[in-house]
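Colleague: First the structure, then my questions, so here it is.
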Amino acid sequence: MNRDQFLQKQWQAYPDLPKDRSSWWFGRVLSIGETHWELSHGGQSQSFDVIDLVQTQDPELGISVLLDGLRPGDSVAVHKDTKHIFLLAPCFEPYKITSFDEEWNQFVETLRGDFLSRGFLQIQTPFLVTSPGVDHHIDSFQVCDEGGHVISRLPTSPEIALKKKLCQGQDKIFEIKSCFRNDLAGAHHRKEFTMLEWYRAFATLEDLQQDLQSLFEKLSASFQLQLPPLKASTMSEQWRQQLGHELRPETSLAELKTLAAAQSIEWSPDDDWNDLFFRIFMEKVEPRLGLDAPLLLFNFPPQQASLAKISKEGWAQRFELYWQGVELANAYQEVNHPEENRSRFLNENHLRQSRGSKASPLDESFFTALRQGMPPSAGIALGMDRLFMLLRGQEQIHSLF
């Protein structure tokens, strides 16, 4: 029986649900035997005897269903008193039962509940933006009109919009948001992903560290896991341990080339300081981070500052969270001076153009907001998909969605 025959013979109309559902068992057919078949609903299953299931023309429902038209995967309802069959939807592909949706909802609500309980305000920012983000390594998606003209972009992060809220007087804010990055897909990368981003006015990186510790404690309780306490280290400490090299704020390109050669890392004469630093870090340092416990990595080289302040010692005041060799979060002691922000944006655009990409447009309303005053602040973005992947013991994000 093909689909058209099925629709003509058995699927006469999409019926309304019964008004009184108290004695109906809704679910999907798991198996059909000679004398019984099994329904699944909400993680429970129940068997019904085929002998008791009758072909029916129910006046109230106004639908007739043939028993021999049912198959595993079909969605049905059974009246437990009269054993009438009520077909809700045909299913032509095997149905895979998974607990992902319930676990993801529990995960999201645990994170949201933790912030709300600690006095944070949940913010909703736009999906169509002028400037999608600043990082020169990240490409955005353009939104075009019918004529093919670019009218806006999808956010790679809600960073700019949330910082505007800080300038408007909010002091503890967060957002759970779908973000979009036009990157190559990989085990830990999706073009569309969920970001948890939050900011604290008049706060430090140590305050964000406490926020993360609170989150991990709530997740431990919610998912009944024994998550170890967060550890902390610095970039220079990890280079010393993993590479035997003394990384300094003034480390030169020539030193990085010598180190790359000693570590048998391939590099090109055209590589700049950031290219070579990333290659060494990604190959030799990052995979060993946070293997036994989540690790906060502080004090990045000044070339890696992005929108983070520079300390008196010359280090970028930021940290990244690593767990099982996977980067989960990125935090800054934020630059809040309007002209310094503009200078950093222009520098990122210069780096973007140097690698053959188009400059990211500037959002002038952001600089206007900065001129009205952004308090000293700390902010962090956490990739929820990656964290959820690790909590479930998965190795790839794509196996979850």
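How things are named: the first chain in the structure tokens is A, the next is B, and so on; residues count from 1 in each chain; ligands count from 1 in the order shown.
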Env of Asp385 of chain A: 12 Å cut, atoms = only C-alpha atoms, seq-sep filter 2 positions within chain, self excluded. Answer as a PyMOL selection string.

Modeller: chain A and resi 104+107-108+176-179+187-196+326-329+382-383+387-392+394-401

Colleague: Please, which residues of segment 26-260 of chain A, numbered as in this document, come out helix (DSSP H, G or I) from DSSP, as an NGL selection string?

Modeller: :A and (50-52 or 67-69 or 100-117 or 159-167 or 205-222 or 235-243 or 253-260)

Colleague: Within 9 Å of segment 27-30 of chain A, counting only C-alpha atoms, which residues qualify if same-chain residues fewer than 2 places away don't, as a list in words?

Modeller: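 Surrounding residues, per the criterion: Trp25, Ile32, Trp37, Glu38, Leu39, Ser40, His41, Gly42, Ser45, Leu70, Arg71, Pro72, Gly73, Asp74, Ser75, Val76, Ala77, Val78 and Tyr95 of chain A.
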
Colleague: With N, CA and C atoms retained, could you export that selection as a CSV table (one decimal), in the first residue's frame?

Modeller:
```
chain,number,residue,atom,x,y,z
A,25,TRP,N,-5.6,6.4,25.8
A,25,TRP,CA,-4.2,6.2,25.9
A,25,TRP,C,-3.6,6.6,24.6
A,32,ILE,N,3.7,-4.7,16.8
A,32,ILE,CA,2.4,-5.4,16.5
A,32,ILE,C,2.6,-6.9,16.4
A,37,TRP,N,-0.6,-5.7,20.6
A,37,TRP,CA,0.4,-4.7,20.2
A,37,TRP,C,0.6,-3.7,21.3
A,38,GLU,N,1.8,-3.0,21.2
A,38,GLU,CA,2.2,-2.2,22.4
A,38,GLU,C,2.3,-0.8,22.0
A,39,LEU,N,1.8,0.1,22.9
A,39,LEU,CA,1.9,1.5,22.8
A,39,LEU,C,2.9,2.1,23.7
A,40,SER,N,3.5,3.2,23.3
A,40,SER,CA,4.5,3.9,24.2
A,40,SER,C,4.0,5.3,24.3
A,41,HIS,N,4.1,5.9,25.5
A,41,HIS,CA,3.7,7.3,25.8
A,41,HIS,C,4.4,7.8,27.0
A,42,GLY,N,5.2,8.9,26.9
A,42,GLY,CA,5.8,9.5,28.0
A,42,GLY,C,6.8,8.5,28.7
A,45,SER,N,4.9,2.2,28.6
A,45,SER,CA,4.4,1.4,27.5
A,45,SER,C,3.2,0.5,28.1
A,70,LEU,N,-2.4,-0.3,10.7
A,70,LEU,CA,-1.5,0.2,11.7
A,70,LEU,C,-0.1,-0.5,11.5
A,71,ARG,N,0.9,0.2,11.9
A,71,ARG,CA,2.3,-0.3,11.8
A,71,ARG,C,3.1,0.3,12.9
A,72,PRO,N,4.2,-0.3,13.2
A,72,PRO,CA,5.1,0.4,14.3
A,72,PRO,C,5.5,1.8,13.8
A,73,GLY,N,5.3,2.7,14.8
A,73,GLY,CA,5.7,4.1,14.5
A,73,GLY,C,4.4,5.0,14.3
A,74,ASP,N,3.3,4.4,14.0
A,74,ASP,CA,2.1,5.2,13.8
A,74,ASP,C,1.6,5.8,15.2
A,75,SER,N,1.1,7.0,15.1
A,75,SER,CA,0.6,7.6,16.3
A,75,SER,C,-0.9,7.3,16.4
A,76,VAL,N,-1.3,6.8,17.6
A,76,VAL,CA,-2.7,6.4,17.7
A,76,VAL,C,-3.1,6.7,19.2
A,77,ALA,N,-4.4,6.6,19.4
A,77,ALA,CA,-5.0,6.6,20.7
A,77,ALA,C,-5.9,5.4,20.9
A,78,VAL,N,-5.9,4.8,22.0
A,78,VAL,CA,-6.8,3.7,22.3
A,78,VAL,C,-7.8,4.0,23.4
A,95,TYR,N,10.4,5.4,14.2
A,95,TYR,CA,10.4,6.5,15.2
A,95,TYR,C,11.4,6.2,16.2
```

Colleague: Calculate how many Å separate atom CA of Gly113 of chain A from atom CA of Lys218 of chain A, rounding to one decimal.

Modeller: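 A separation of 9.3 Å between them.
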
Colleague: Determine which residues of segment 212-292 of chain A receive a DSSP assignment of strand (DSSP E or B), computed from the backbone, and state them as a list in words.

Modeller: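 Written out, the strand (DSSP E or B) residues of segment 212-292 of chain A are Lys231, Ala232, Ser233 and Thr234 of chain A.
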
Colleague: For a quick check of understanding, using only C-alpha atoms, which of A:Gln242, A:Thr35, A:Thr125, A:Gln372 has the smallest distance to Glu175 of chain A?

Modeller: A:Thr125

Colleague: Do you have the atom CA of Cys167 of chain A-atom CA of Gly373 of chain A distance handy?

Modeller: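 So the answer is 5.6 Å.
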
Colleague: Just give me the gap between atom CA of Arg118 of chain A and atom CA of Ile173 of chain A in Å, one decimal is fine.

Modeller: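 So the two atoms, atom CA of Arg118 of chain A and atom CA of Ile173 of chain A, lie 10.6 Å apart.
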
Colleague: Could you name the residues that touch Arg355 of chain A at 10 Å or less, counting only C-alpha atoms, but leaving out those on the same chain fewer than 3 positions away, as an mmCIF file with C-alpha atoms, in the first residue's frame?

Modeller:
```cif
data_model
loop_
_atom_site.group_PDB
_atom_site.id
_atom_site.type_symbol
_atom_site.label_atom_id
_atom_site.label_comp_id
_atom_site.auth_asym_id
_atom_site.auth_seq_id
_atom_site.Cartn_x
_atom_site.Cartn_y
_atom_site.Cartn_z
ATOM 1 C CA HIS A 136 38.320 38.640 13.105
ATOM 2 C CA HIS A 137 38.341 34.818 13.215
ATOM 3 C CA HIS A 350 42.212 45.294 9.663
ATOM 4 C CA LEU A 351 43.082 41.717 10.675
ATOM 5 C CA ARG A 352 39.901 40.491 8.981
ATOM 6 C CA LYS A 358 35.278 41.726 4.389
#
```

Colleague: Phe277 of chain A: which residues within 10 Å, counting only C-alpha atoms, same-chain residues fewer than 6 positions away excluded, as number ranges by chain?

Modeller: A: 253, 256-257, 259-260, 271, 301, 303-304

Colleague: Can you spit out the residues from that selection as a short mmCIF file (atom, residue, chain, number, x, y, z; two decimals), in the first residue's frame, using N, CA and C atoms?

Modeller:
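See selection_17.cif below for the written result:
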```cif
data_model
loop_
_atom_site.label_atom_id
_atom_site.label_comp_id
_atom_site.auth_asym_id
_atom_site.auth_seq_id
_atom_site.Cartn_x
_atom_site.Cartn_y
_atom_site.Cartn_z
N LEU A 253 57.61 37.20 17.50
CA LEU A 253 57.29 36.26 16.42
C LEU A 253 58.46 35.31 16.18
N LEU A 256 58.36 32.50 18.60
CA LEU A 256 57.30 31.54 18.29
C LEU A 256 57.72 30.63 17.13
N LYS A 257 58.43 31.18 16.15
CA LYS A 257 58.90 30.37 15.03
C LYS A 257 59.91 29.32 15.51
N LEU A 259 60.06 28.07 18.53
CA LEU A 259 59.31 27.10 19.33
C LEU A 259 58.53 26.15 18.42
N ALA A 260 57.90 26.67 17.36
CA ALA A 260 57.16 25.82 16.43
C ALA A 260 58.07 24.79 15.78
N ASP A 271 52.75 33.56 8.08
CA ASP A 271 52.03 33.56 9.35
C ASP A 271 52.43 34.76 10.19
N PRO A 301 48.14 36.61 26.17
CA PRO A 301 49.05 37.63 25.62
C PRO A 301 48.27 38.86 25.16
N GLN A 303 48.30 40.46 22.47
CA GLN A 303 47.81 40.34 21.08
C GLN A 303 46.46 39.63 21.03
N GLN A 304 46.10 38.91 22.11
CA GLN A 304 44.86 38.17 22.18
C GLN A 304 43.81 38.88 23.04
#
```

Colleague: Given only C-alpha atoms as the basis, pick out the residue of A:Asp270, A:Leu116, A:Lys164, A:Pro375 nearest to Ser354 of chain A.

Modeller: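 Closest to Ser354 of chain A of all the choices is A:Asp270.
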